[in-house]
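Engineer: I have a structure I would like to understand better, so I am pasting it below and will then ask my questions one at a time.
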Amino acid sequence: MYLVEDYFEAKSVAEAVELLAENPGRHIIAGGTDLLIKMREGALENVQLVSIRRIESLRAITGHENKNISIGPLVTFNDLENDQLIQNNLPILAETALTVGGPQIRHMATIGGNICNGVPSADSAPPLFVLNAQLKLQGKEGERVVPVREFFLGPGRVDLQPGELLTEILITADNFRNFGGCYIKFAPRKAMDLAILGVAVTCRLDEEHNFDEVRISLGVAGPIPLRCTMAEAYAQGKPTGEATIAEIGRMAVESANARTSWRASREYRQHLIEELTQRALKTALARAGGDNNAS
């Protein structure tokens, strides 16, 4: 049952922030694909909702003169999948969008909601981690910028202060130009299922076609998304051959400290991390213009 105590329709970011400041216990609703489930299951009752659906400025995907790209929190996964700017510059996000739910969900679910819910299975989190995305948050006291890697605090907990609203996801050009990327979602079913593991990888090559930079992020391996920093550091300057890729996969397992949950055991996740990291890296390498057959 959906028990709504009050409902407000914000027409601007300023109005939404004012409504949240009046009562920080109010809940933002955009696509509603996660919030409505919580309400139906009784996790939230007698809620006051602030709808931001009509704030058009939060719905834009914008390319800037400096080649940076801004994504509004109301951008749906269907938008990400089909937007030409995303396809041409951030194909890993378009690829990720296609893995989220079914067509009906992708038409409603927003990238902002996916991030702000803070659930370990958020598909958009690992790609945003390897893209070093920055989140712009607006509150009554002004704006602040938080790196996405610092935003997730625990299962269902994010660094969103009472009364704050996510207004922009910023990805700078130096974090995607000349990089190849890949996202792999592993789930029991190909569609309409939560991930047992999500792996995002981006890589860039140097002039000798060795790894200049590798970034690896895992979702659902732990209580929050994470970067495999040991594996990333090892990869720098290494040749792009099978032996290097195999070692990167093994080191990703060490970085992850995988957990057991009702969906998968720790041992099974460790196997998936090693295997899927290698697969994703090989695909990212090919997309970066490399050849992983080198020794």
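Lettering and numbering for the structure tokens are positional, with chains as A, B, ... in the shown order, residues counted from 1 in each chain, and ligands counted from 1 in the shown order.
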Need the shell around Ser255 (chain A): protein/DNA/RNA residues with any atom at most 12 Å away, counting only C-alpha atoms. Skip same-chain ones fewer than 3 positions apart. Format as a ChimeraX atom specification?

Structural biologist: /A:216-218,221-222,225-234,248-252,258,270,273-274,277

Engineer: May I have the residues within 9 Å of Ile184 (chain A) as a list in words, using only C-alpha atoms and disregarding those fewer than 6 positions away in the same chain?

Structural biologist: Glu95, Thr96, Thr99, Leu197, Gly198, Val199, Ala200, Val201, Leu276, Thr277, Arg279 and Ala280 of chain A

Engineer: Among region 19-245 of chain A, which ones does DSSP place in helix (DSSP H, G or I), written as a VMD selection string?

Structural biologist: chain A and resid 19 to 22 35 to 40 56 to 59 77 to 82 84 to 89 91 to 97 103 to 108 111 to 116 125 to 130 148 to 151 173 to 175 229 to 235 242 to 245

Engineer: I'd like to know which of A:Arg53, A:Lys136, A:Arg215, A:Arg269 is closest to Ala109 (chain A), using only C-alpha atoms.

Structural biologist: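 The closest residue to Ala109 (chain A) is A:Arg53.
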
Engineer: Please indicate the distance in Å from CA of Ile52 (chain A) to CA of Val100 (chain A), rounded to one decimal place.

Structural biologist: 21.7 Å

Engineer: Report as a ChimeraX atom specification all protein, DNA and RNA residues lying within 7 Å of Pro127 (chain A), evaluated on only C-alpha atoms, omitting residues in the same chain fewer than 6 positions from it.

Structural biologist: /A:92-93,183,200

Engineer: Hey, can you spit out that residue selection with C-alpha atoms as a PDB file, in the first residue's frame?

Structural biologist:
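New file out.pdb:
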ATOM      1  CA  ILE A  92      30.519   2.389 -21.348  1.00  0.00           C
ATOM      2  CA  LEU A  93      27.510   4.289 -19.927  1.00  0.00           C
ATOM      3  CA  TYR A 183      30.941  -3.026 -18.313  1.00  0.00           C
ATOM      4  CA  ALA A 200      33.599  -1.838 -15.085  1.00  0.00           C
TER       5      ALA A 200
END

Engineer: Would you mind listing what lies within 9 Å of region 73-87 of chain A as an mmCIF file with N, CA and C atoms, in the first residue's frame, with only C-alpha atoms counted and same-chain residues fewer than 2 positions away left out?

Structural biologist:
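Here's the written file result_11.cif:
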data_model
loop_
_atom_site.group_PDB
_atom_site.id
_atom_site.type_symbol
_atom_site.label_atom_id
_atom_site.label_comp_id
_atom_site.auth_asym_id
_atom_site.auth_seq_id
_atom_site.Cartn_x
_atom_site.Cartn_y
_atom_site.Cartn_z
ATOM 1 N N ALA A 30 11.573 10.882 -8.433
ATOM 2 C CA ALA A 30 11.822 11.201 -9.844
ATOM 3 C C ALA A 30 11.159 10.107 -10.677
ATOM 4 N N GLY A 31 11.932 9.068 -11.026
ATOM 5 C CA GLY A 31 11.322 7.937 -11.730
ATOM 6 C C GLY A 31 10.459 7.085 -10.813
ATOM 7 N N ILE A 52 10.538 16.030 -8.536
ATOM 8 C CA ILE A 52 11.405 16.920 -9.322
ATOM 9 C C ILE A 52 11.268 16.635 -10.822
ATOM 10 N N ARG A 53 10.234 15.902 -11.172
ATOM 11 C CA ARG A 53 10.085 15.449 -12.561
ATOM 12 C C ARG A 53 9.948 16.588 -13.565
ATOM 13 N N ILE A 55 11.441 19.520 -13.507
ATOM 14 C CA ILE A 55 12.579 20.439 -13.563
ATOM 15 C C ILE A 55 13.435 20.068 -14.774
ATOM 16 N N GLU A 56 13.191 20.729 -15.878
ATOM 17 C CA GLU A 56 13.817 20.354 -17.154
ATOM 18 C C GLU A 56 15.336 20.499 -17.125
ATOM 19 N N SER A 57 15.851 21.419 -16.320
ATOM 20 C CA SER A 57 17.303 21.609 -16.272
ATOM 21 C C SER A 57 18.027 20.380 -15.729
ATOM 22 N N LEU A 58 17.320 19.502 -15.033
ATOM 23 C CA LEU A 58 17.922 18.293 -14.482
ATOM 24 C C LEU A 58 17.836 17.116 -15.444
ATOM 25 N N ARG A 59 17.293 17.374 -16.633
ATOM 26 C CA ARG A 59 17.058 16.294 -17.588
ATOM 27 C C ARG A 59 18.048 16.320 -18.757
ATOM 28 N N ALA A 60 19.010 17.232 -18.723
ATOM 29 C CA ALA A 60 19.865 17.468 -19.892
ATOM 30 C C ALA A 60 21.140 16.645 -19.861
ATOM 31 N N ILE A 61 21.607 16.288 -21.058
ATOM 32 C CA ILE A 61 22.953 15.756 -21.276
ATOM 33 C C ILE A 61 23.687 16.807 -22.089
ATOM 34 N N THR A 62 24.752 17.364 -21.532
ATOM 35 C CA THR A 62 25.378 18.544 -22.125
ATOM 36 C C THR A 62 26.861 18.328 -22.377
ATOM 37 N N GLY A 63 27.295 18.639 -23.601
ATOM 38 C CA GLY A 63 28.712 18.659 -23.918
ATOM 39 C C GLY A 63 29.227 20.086 -23.853
ATOM 40 N N ILE A 69 31.515 16.540 -20.026
ATOM 41 C CA ILE A 69 30.114 16.159 -20.244
ATOM 42 C C ILE A 69 29.374 16.169 -18.923
ATOM 43 N N ILE A 71 25.708 15.292 -17.008
ATOM 44 C CA ILE A 71 24.511 14.461 -17.095
ATOM 45 C C ILE A 71 23.588 14.849 -15.947
ATOM 46 N N ASN A 89 31.098 9.340 -26.833
ATOM 47 C CA ASN A 89 32.144 9.705 -25.888
ATOM 48 C C ASN A 89 32.207 8.829 -24.638
ATOM 49 N N LEU A 90 31.061 8.339 -24.209
ATOM 50 C CA LEU A 90 30.987 7.525 -22.989
ATOM 51 C C LEU A 90 30.229 6.231 -23.283
ATOM 52 N N PRO A 91 30.706 5.454 -24.251
ATOM 53 C CA PRO A 91 29.951 4.248 -24.634
ATOM 54 C C PRO A 91 29.779 3.258 -23.481
ATOM 55 N N ILE A 92 30.673 3.291 -22.483
ATOM 56 C CA ILE A 92 30.519 2.389 -21.348
ATOM 57 C C ILE A 92 29.215 2.679 -20.601
ATOM 58 N N LEU A 93 28.778 3.959 -20.581
ATOM 59 C CA LEU A 93 27.510 4.289 -19.927
ATOM 60 C C LEU A 93 26.321 3.827 -20.753
ATOM 61 N N ALA A 94 26.418 3.958 -22.081
ATOM 62 C CA ALA A 94 25.346 3.455 -22.942
ATOM 63 C C ALA A 94 25.230 1.939 -22.815
ATOM 64 N N GLU A 95 26.370 1.270 -22.730
ATOM 65 C CA GLU A 95 26.401 -0.181 -22.574
ATOM 66 C C GLU A 95 25.786 -0.597 -21.236
ATOM 67 N N THR A 96 26.114 0.151 -20.201
ATOM 68 C CA THR A 96 25.577 -0.136 -18.869
ATOM 69 C C THR A 96 24.068 0.060 -18.834
ATOM 70 N N ALA A 97 23.590 1.140 -19.459
ATOM 71 C CA ALA A 97 22.160 1.444 -19.425
ATOM 72 C C ALA A 97 21.326 0.286 -19.956
ATOM 73 N N LEU A 98 21.847 -0.392 -20.947
ATOM 74 C CA LEU A 98 21.105 -1.491 -21.570
ATOM 75 C C LEU A 98 20.936 -2.677 -20.626
ATOM 76 N N VAL A 100 20.081 -2.431 -17.425
ATOM 77 C CA VAL A 100 19.206 -2.079 -16.300
ATOM 78 C C VAL A 100 17.773 -2.495 -16.589
ATOM 79 N N PRO A 103 12.647 -2.678 -20.713
ATOM 80 C CA PRO A 103 12.372 -1.406 -21.383
ATOM 81 C C PRO A 103 11.520 -0.444 -20.557
ATOM 82 N N ILE A 105 11.298 -0.203 -17.272
ATOM 83 C CA ILE A 105 12.115 0.355 -16.195
ATOM 84 C C ILE A 105 13.078 1.396 -16.738
ATOM 85 N N ARG A 106 13.728 1.097 -17.863
ATOM 86 C CA ARG A 106 14.708 2.034 -18.420
ATOM 87 C C ARG A 106 14.068 3.346 -18.854
ATOM 88 N N HIS A 107 12.792 3.331 -19.206
ATOM 89 C CA HIS A 107 12.089 4.558 -19.581
ATOM 90 C C HIS A 107 11.792 5.432 -18.363
ATOM 91 N N MET A 108 11.735 4.834 -17.176
ATOM 92 C CA MET A 108 11.370 5.577 -15.960
ATOM 93 C C MET A 108 12.549 5.810 -15.021
ATOM 94 N N ALA A 109 13.396 4.794 -14.848
ATOM 95 C CA ALA A 109 14.475 4.874 -13.863
ATOM 96 C C ALA A 109 15.510 5.918 -14.272
ATOM 97 N N THR A 110 15.950 6.721 -13.309
ATOM 98 C CA THR A 110 16.912 7.788 -13.581
ATOM 99 C C THR A 110 18.281 7.438 -13.022
ATOM 100 N N ILE A 111 19.303 7.979 -13.649
ATOM 101 C CA ILE A 111 20.659 7.730 -13.157
ATOM 102 C C ILE A 111 20.858 8.370 -11.788
ATOM 103 N N GLY A 112 20.216 9.515 -11.537
ATOM 104 C CA GLY A 112 20.330 10.151 -10.235
ATOM 105 C C GLY A 112 19.760 9.302 -9.118
ATOM 106 N N GLY A 113 18.592 8.720 -9.362
ATOM 107 C CA GLY A 113 17.986 7.851 -8.368
ATOM 108 C C GLY A 113 18.816 6.612 -8.127
ATOM 109 N N ILE A 115 21.997 6.308 -8.276
ATOM 110 C CA ILE A 115 23.154 6.649 -7.448
ATOM 111 C C ILE A 115 22.725 6.955 -6.011
ATOM 112 N N LEU A 166 20.905 16.202 -5.626
ATOM 113 C CA LEU A 166 21.877 15.990 -6.696
ATOM 114 C C LEU A 166 21.410 16.740 -7.931
ATOM 115 N N THR A 167 22.279 17.614 -8.477
ATOM 116 C CA THR A 167 21.879 18.425 -9.630
ATOM 117 C C THR A 167 22.659 18.125 -10.900
ATOM 118 N N GLU A 168 23.840 17.471 -10.773
ATOM 119 C CA GLU A 168 24.650 17.244 -11.975
ATOM 120 C C GLU A 168 25.687 16.165 -11.730
ATOM 121 N N ILE A 169 25.909 15.346 -12.738
ATOM 122 C CA ILE A 169 27.005 14.378 -12.760
ATOM 123 C C ILE A 169 27.989 14.875 -13.813
#

Engineer: Grab the CA of Cys116 (chain A) to CA of Asp6 (chain A) distance for me, in Å with one decimal place.

Structural biologist: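 Answer for the CA of Cys116 (chain A) to CA of Asp6 (chain A) separation: 21.5 Å.
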
Engineer: Taking the DSSP secondary structure from the backbone, can you list the residues of region 35-198 of chain A that are strand (DSSP E or B), as a PyMOL selection string?

Structural biologist: chain A and resi 47-51+61-63+69-71+76+110+134-139+142-147+152-154+157-158+165-171+180-186+197-198

Engineer: Got a sec: who's within 8 Å of Val119 (chain A), counting only C-alpha atoms, leaving out chain neighbours fewer than 4 positions off, as a ChimeraX atom specification?

Structural biologist: /A:114-115,155-157,224

Engineer: Under the rule that only C-alpha atoms are counted, which of A:Asp291, A:Glu247, A:Asp123, A:Glu9 is the nearest residue to Gln278 (chain A)?

Structural biologist: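 Of the candidates, the smallest distance to Gln278 (chain A) is held by A:Glu247.
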
Engineer: Could you name the residues that touch region 17-22 of chain A at 7 Å or less, counting only C-alpha atoms, but leaving out those on the same chain fewer than 6 positions away, as an NGL selection string?

Structural biologist: :A and (139-140 or 163-165)

Engineer: Counting only C-alpha atoms, figure out which residue out of A:Gly181, A:Pro120, A:Leu49, A:Leu272 gets nearest to Gly154 (chain A).

Structural biologist: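 Closest to Gly154 (chain A), using only C-alpha atoms: A:Pro120.
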
Engineer: Would you list the contacts of His27 (chain A) as a list of chain:residue names, taking every protein, DNA or RNA residue within 8 Å and counting only C-alpha atoms, but skipping same-chain residues closer than 4 positions in sequence?

Structural biologist: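 Everything that qualifies: A:Val47, A:Gln48, A:Leu49, A:Val50.
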
Engineer: Report, in Å with one decimal, the straight-line distance from CA of Arg287 (chain A) to CA of Gly180 (chain A).

Structural biologist: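 Result for CA of Arg287 (chain A) versus CA of Gly180 (chain A): 4.7 Å, one decimal.
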
Engineer: I'd like to know which of A:Phe179, A:His64, A:Val220, A:Asp212 is closest to Ser124 (chain A), using only C-alpha atoms.

Structural biologist: A:Val220
